[in-house]
Number of protein chains: 2
Amino acid sequence: MKSSVPSASPFHLPNLATRVARRQQTPIAAGSDRMRFVIQLALTNVTAQTGGPFGAAVFETKTGRLIAVGVNVVERTNCSLAHAETVALTNAHQALGHFDLGMDGMPRLELVTSCEPCAMCYGGIIWSGVRKVVCAARASDATAIGFDEAPKPTNWIAELKKRRITVTRDLCRDEAIAVFRKYQQTGGRVYNARKGPM
Amino acid sequence: MKSSVPSASPFHLPNLATRVARRQQTPIAAGSDRMRFVIQLALTNVTAQTGGPFGAAVFETKTGRLIAVGVNVVERTNCSLAHAETVALTNAHQALGHFDLGMDGMPRLELVTSCEPCAMCYGGIIWSGVRKVVCAARASDATAIGFDEAPKPTNWIAELKKRRITVTRDLCRDEAIAVFRKYQQTGGRVYNARKGPM
C-alpha cells in the first residue's frame, strides 16, 4: 500500500459543532454526561438550522477524552451519507490518523450517538473499529418523525457482539426525542424517505 | 435550511481512477460494458496499489452517461467508510449538487458495483436515491478472501424493492472475482476483519 493521502475532514462540520468540540478540552467521565454532550450537539444543529436532529461523538472509553464529533450534515454538504455517526467516525479516523480505530495499541473507543444507528451506520460501526456503541433514541423514534432508517438484521446487537462491540441503548432517550420534536416543530426537512408504493 | 457548503469531493480518488473517469466522455450503452468499466476501475486500484479490489460508478440508467466513480480508498484516506460504493455515491451527490439522487426531476440513476454491497453500503444505497443496483461478485466472494462484509437483513433485496430500488446480481461475477484473487496474490491487506472470539 502506498502512503496515505493527507486530507482534511471529508465532511465539513458547522462552525457551531466545531466550537462545541474545541471547547471540550477536559475528559467527560460519566456515560450520561457524554450522551448529554452529543444531544447538545444535535440540538445546536437544529437551532442553528445546519442539519438533521442527530449528534454523535467518539470518546476514549476509559478516560472520556473526546476524539471527534459529528452532526448530521446531509443537506449542507449535499451528501446523503453524512449522518452524525459517519461524520464522527470519519473525523475520528482523521484525528487518529488510521483507518482502523480498533487496531492493536489504540485505546478502546466508543461511539456515543443521540440515535440508534440506521442500517448504514450499523454497518459502518462494524468497519470502524470502535468497541462500544451507546445510543439515546431508538431507530423507531426517528421513524416516528418520518425518517426511513431502513431495517438492520433483527439480531444486529448480537452481530455487533460477535465482533466484540457492545451496545447500550435508551440512555437519555427522552432528551434525544425532545430534539427530534423540536426539529419537527421548526419545520426541519425529513429528506430521502421513499418507502412504499409510488 | 441554510445554503449548502460548497465542497470538493470528500474522498480523494487516486489519480488513475480520476483519469479513467475523465476519459469516459461517451455514454456506455450496455449494462455488461458498464460493469466491465467498474471492474477495470477495481483492477487499476489493485495494480496501482491504491486500495481494495472494489470499483463502483453511478450511471444515468437510460443513457449510460457516467456521473461519478468510486474505488475503495479505505487505507489511502484513513477512513474505514471509504468503500467504492460510498465514494461513488458521494461523488455523484457532489457532481449533481444535491443530497437526493432520487429527487423529482433527476434522471433515474443506477449504482454499478464490482461487488454486492456490504451491510453499510446496503443502507447507504437506500439513503442515496439511486433506483437500481447492479452487482458483479457476491458478498460471499469478498468474505471468501477474508473481508467481513457483515450481515444485511436476509430479505435485503425485498427491502430495496419496497423502496423502488431494483437489484441485479452476478453480472460478470467471474471477472470481479478474478480481481479479488489478484489482490490476494499480490498481498493486498484484508483490513478491519475482527469477527469471532479474541
# chains A, B, ... in the order shown; residues from 1 in each chain; ligands from 1

call {"tool": "residues_around", "arguments": {"residues": "Pro153 (chain A)", "least_positions_apart": "2", "cutoff": "7 Å", "atoms": "only C-alpha atoms", "output": "CSV table (one decimal) with N, CA and C atoms, in the first residue's frame"}}
result
chain,number,residue,atom,x,y,z
A,151,PRO,N,-34.3,-1.3,7.7
A,151,PRO,CA,-34.1,-2.4,8.6
A,151,PRO,C,-32.6,-2.8,8.7
A,155,ASN,N,-31.1,-9.4,14.5
A,155,ASN,CA,-30.2,-9.7,15.6
A,155,ASN,C,-28.9,-8.8,15.6
A,156,TRP,N,-29.1,-7.6,15.2
A,156,TRP,CA,-28.0,-6.7,14.9
A,156,TRP,C,-27.1,-6.5,16.2
B,151,PRO,N,-23.6,-9.1,8.1
B,151,PRO,CA,-24.9,-9.4,7.5
B,151,PRO,C,-25.8,-8.2,7.2
B,152,LYS,N,-26.4,-8.3,6.1
B,152,LYS,CA,-27.6,-7.4,5.8
B,152,LYS,C,-28.8,-8.2,6.2
B,153,PRO,N,-30.0,-7.6,6.3
B,153,PRO,CA,-31.2,-8.3,6.5
B,153,PRO,C,-31.3,-9.4,5.4

call {"tool": "interface_residues", "arguments": {"of": "chain A", "to": "chain B", "cutoff": "7 Å", "atoms": "only C-alpha atoms", "output": "ChimeraX atom specification"}}
result
/A:1-5,10-11,49-50,74-81,90,93-94,97-100,119-124,127-129,150-153,162-163,192,194-196

call {"tool": "residues_around", "arguments": {"residues": "Arg169 (chain A)", "least_positions_apart": "2", "cutoff": "8 Å", "atoms": "only C-alpha atoms", "output": "MDAnalysis selection string"}}
result
chainID A and resid 116 134:138 167 171

call {"tool": "write_last_selection", "arguments": {"atoms": "C-alpha atoms", "output": "short mmCIF file (atom, residue, chain, number, x, y, z; two decimals), in the first residue's frame"}}
result
data_model
loop_
_atom_site.label_atom_id
_atom_site.label_comp_id
_atom_site.auth_asym_id
_atom_site.auth_seq_id
_atom_site.Cartn_x
_atom_site.Cartn_y
_atom_site.Cartn_z
CA GLU A 116 -29.62 4.21 17.45
CA VAL A 134 -24.12 3.95 23.25
CA CYS A 135 -27.48 5.19 21.90
CA ALA A 136 -30.19 7.51 23.24
CA ALA A 137 -33.28 7.48 20.99
CA ARG A 138 -34.40 4.29 19.28
CA VAL A 167 -24.32 -1.87 22.64
CA LEU A 171 -29.55 6.35 27.70
#

call {"tool": "residues_around", "arguments": {"residues": "Ala176 (chain B)", "least_positions_apart": "4", "cutoff": "9 Å", "atoms": "only C-alpha atoms", "output": "ChimeraX atom specification"}}
result
/B:36,39,42-43,53-54,114-115,136-137,172,180-181

call {"tool": "select_by_dssp", "arguments": {"residues": "region 58-114 of chain B", "states": "strand (DSSP E or B)", "output": "list in words"}}
result
Val58, Phe59, Glu60, Leu66, Ile67, Ala68, Val69, Gly70, Val71, Leu109, Glu110, Leu111, Val112, Thr113 and Ser114 of chain B

call {"tool": "select_by_dssp", "arguments": {"residues": "region 53-153 of chain B", "states": "helix (DSSP H, G or I)", "output": "ChimeraX atom specification"}}
result
/B:84-96,119-128,139-144

call {"tool": "decode", "arguments": {"residues": "region 125-149 of chain B", "atoms": "N, CA and C atoms", "output": "tab-separated table (two decimals), in the first residue's frame"}}
result
chain	number	residue	atom	x	y	z
B	125	ILE	N	-27.19	2.91	0.08
B	125	ILE	CA	-27.93	2.90	-1.20
B	125	ILE	C	-29.35	3.40	-0.98
B	126	ILE	N	-29.96	2.97	0.13
B	126	ILE	CA	-31.34	3.39	0.42
B	126	ILE	C	-31.42	4.90	0.61
B	127	TRP	N	-30.47	5.46	1.34
B	127	TRP	CA	-30.48	6.91	1.56
B	127	TRP	C	-30.22	7.69	0.28
B	128	SER	N	-29.41	7.12	-0.62
B	128	SER	CA	-28.85	7.92	-1.72
B	128	SER	C	-29.87	8.41	-2.74
B	129	GLY	N	-30.84	7.55	-3.06
B	129	GLY	CA	-31.79	7.92	-4.11
B	129	GLY	C	-31.54	7.25	-5.45
B	130	VAL	N	-30.51	6.38	-5.56
B	130	VAL	CA	-30.37	5.63	-6.81
B	130	VAL	C	-31.54	4.67	-6.91
B	131	ARG	N	-31.90	4.29	-8.14
B	131	ARG	CA	-33.10	3.48	-8.35
B	131	ARG	C	-32.79	2.05	-8.77
B	132	LYS	N	-31.51	1.78	-8.93
B	132	LYS	CA	-31.13	0.44	-9.41
B	132	LYS	C	-29.72	0.16	-8.93
B	133	VAL	N	-29.47	-1.09	-8.58
B	133	VAL	CA	-28.13	-1.52	-8.18
B	133	VAL	C	-27.77	-2.74	-9.00
B	134	VAL	N	-26.61	-2.72	-9.60
B	134	VAL	CA	-26.13	-3.85	-10.40
B	134	VAL	C	-24.81	-4.31	-9.80
B	135	CYS	N	-24.72	-5.60	-9.45
B	135	CYS	CA	-23.54	-6.13	-8.75
B	135	CYS	C	-22.89	-7.25	-9.57
B	136	ALA	N	-21.58	-7.38	-9.43
B	136	ALA	CA	-20.86	-8.48	-10.08
B	136	ALA	C	-20.63	-9.60	-9.05
B	137	ALA	N	-19.57	-9.49	-8.26
B	137	ALA	CA	-19.29	-10.53	-7.26
B	137	ALA	C	-20.35	-10.52	-6.18
B	138	ARG	N	-20.51	-11.65	-5.51
B	138	ARG	CA	-21.37	-11.73	-4.34
B	138	ARG	C	-20.59	-11.27	-3.10
B	139	ALA	N	-21.34	-10.86	-2.08
B	139	ALA	CA	-20.68	-10.53	-0.80
B	139	ALA	C	-19.89	-11.75	-0.31
B	140	SER	N	-20.43	-12.95	-0.56
B	140	SER	CA	-19.73	-14.16	-0.11
B	140	SER	C	-18.37	-14.33	-0.81
B	141	ASP	N	-18.23	-13.76	-2.00
B	141	ASP	CA	-16.93	-13.82	-2.68
B	141	ASP	C	-15.90	-12.93	-1.97
B	142	ALA	N	-16.37	-11.78	-1.45
B	142	ALA	CA	-15.47	-10.91	-0.69
B	142	ALA	C	-15.13	-11.55	0.65
B	143	THR	N	-16.13	-12.20	1.25
B	143	THR	CA	-15.90	-12.93	2.50
B	143	THR	C	-14.87	-14.03	2.29
B	144	ALA	N	-14.93	-14.66	1.12
B	144	ALA	CA	-14.03	-15.78	0.82
B	144	ALA	C	-12.56	-15.36	0.81
B	145	ILE	N	-12.28	-14.08	0.53
B	145	ILE	CA	-10.87	-13.65	0.62
B	145	ILE	C	-10.59	-12.95	1.96
B	146	GLY	N	-11.57	-13.00	2.89
B	146	GLY	CA	-11.28	-12.57	4.25
B	146	GLY	C	-12.00	-11.33	4.75
B	147	PHE	N	-12.64	-10.55	3.86
B	147	PHE	CA	-13.33	-9.35	4.32
B	147	PHE	C	-14.57	-9.72	5.13
B	148	ASP	N	-14.85	-8.95	6.17
B	148	ASP	CA	-16.07	-9.15	6.96
B	148	ASP	C	-17.14	-8.20	6.43
B	149	GLU	N	-17.95	-8.70	5.51
B	149	GLU	CA	-18.96	-7.84	4.88
B	149	GLU	C	-20.13	-7.54	5.81
